[in-house]
Amino acid sequence: MEELNKRFYRIGDVADILGIPASTLRFWEKEFTIIKPTRNAKNTRLYTPKDIETIKMIHFLVKEKGLKLDAAQAMIRRNRDGVSKRFEVIERLKGVKAQLQMLGKALNEIKD
């Protein structure tokens, strides 16, 4: 995943980071009360890195685990810390898997 080093991100930036349409972000903003981007004078949505982490968690529950929006929202309400920790572990494991795959590929190239 991309490192979040800016203070604020526009909706198009967040959509690119997560690989989902901006319309999905706008829809989730209406459905999930925990997504509350700030707005500037021009009414442009500005997402903080913390907002993006929350959206990543929702993306994980809805797109990867296949939960319906109501179930995802209920799970976050009941045990946000548990969901967040599980998401973080899975993201770390994906990173380790990607590194191992790169190492395996490099070893195969050396072997050939």
# chains A, B, ... in the order shown; residues from 1 in each chain; ligands from 1
call {"tool": "select_by_dssp", "arguments": {"residues": "segment 11-67 of chain A", "states": "strand (DSSP E)", "output": "count of residues only"}}
result
5
call {"tool": "select_by_dssp", "arguments": {"residues": "chain A", "states": "helix (DSSP H, G or I)", "output": "count of residues only"}}
result
77
call {"tool": "closest_residue", "arguments": {"among": "A:Val96, A:Lys65, A:Lys50, A:Leu107", "to": "Lys6 of chain A", "atoms": "only C-alpha atoms"}}
result
A:Lys50
call {"tool": "residues_around", "arguments": {"residues": "Tyr9 of chain A", "least_positions_apart": "5", "cutoff": "7 Å", "atoms": "only C-alpha atoms", "output": "list in words"}}
result
Val14, Leu46, Tyr47 and Thr48 of chain A
call {"tool": "closest_residue", "arguments": {"among": "A:Met75, A:Ile55, A:Leu67, A:Val89", "to": "Ile17 of chain A", "atoms": "only C-alpha atoms"}}
result
A:Ile55
call {"tool": "residues_around", "arguments": {"residues": "Lys63 of chain A", "least_positions_apart": "4", "cutoff": "12 Å", "atoms": "only C-alpha atoms", "output": "MDAnalysis selection string"}}
result
chainID A and resid 18:20 24 55:59 67:69 72
call {"tool": "write_last_selection", "arguments": {"atoms": "N, CA and C atoms", "output": "compact mmCIF listing (two decimals), in the first residue's frame"}}
result
# COMPACT_ATOMS: atom_id res chain seq x y z
N LEU A 18 -6.99 3.56 -3.19
CA LEU A 18 -7.74 2.35 -2.86
C LEU A 18 -8.18 1.55 -4.07
N GLY A 19 -8.09 2.15 -5.26
CA GLY A 19 -8.51 1.44 -6.46
C GLY A 19 -10.01 1.26 -6.56
N ILE A 20 -10.75 2.25 -6.07
CA ILE A 20 -12.21 2.21 -6.16
C ILE A 20 -12.70 3.54 -6.73
N THR A 24 -18.10 5.49 -5.16
CA THR A 24 -18.20 4.55 -4.05
C THR A 24 -17.86 5.25 -2.74
N ILE A 55 -11.45 4.06 5.81
CA ILE A 55 -12.03 3.63 4.54
C ILE A 55 -11.40 2.32 4.07
N LYS A 56 -10.11 2.15 4.31
CA LYS A 56 -9.45 0.88 3.96
C LYS A 56 -10.08 -0.27 4.75
N MET A 57 -10.39 -0.01 6.02
CA MET A 57 -11.01 -1.03 6.85
C MET A 57 -12.40 -1.39 6.30
N ILE A 58 -13.16 -0.38 5.90
CA ILE A 58 -14.48 -0.62 5.32
C ILE A 58 -14.33 -1.39 4.01
N HIS A 59 -13.37 -0.99 3.20
CA HIS A 59 -13.11 -1.67 1.93
C HIS A 59 -12.80 -3.14 2.17
N LEU A 67 -18.95 -8.65 3.22
CA LEU A 67 -20.06 -8.28 4.10
C LEU A 67 -20.96 -7.24 3.43
N LYS A 68 -22.22 -7.29 3.78
CA LYS A 68 -23.14 -6.25 3.34
C LYS A 68 -22.84 -4.99 4.16
N LEU A 69 -23.25 -3.84 3.66
CA LEU A 69 -22.94 -2.57 4.34
C LEU A 69 -23.43 -2.54 5.78
N ALA A 72 -21.19 -4.75 7.94
CA ALA A 72 -19.89 -4.12 8.13
C ALA A 72 -19.99 -3.00 9.16
call {"tool": "closest_residue", "arguments": {"among": "A:Arg10, A:Ile34, A:Arg92, A:Ala15", "to": "Arg77 of chain A", "atoms": "only C-alpha atoms"}}
result
A:Ile34
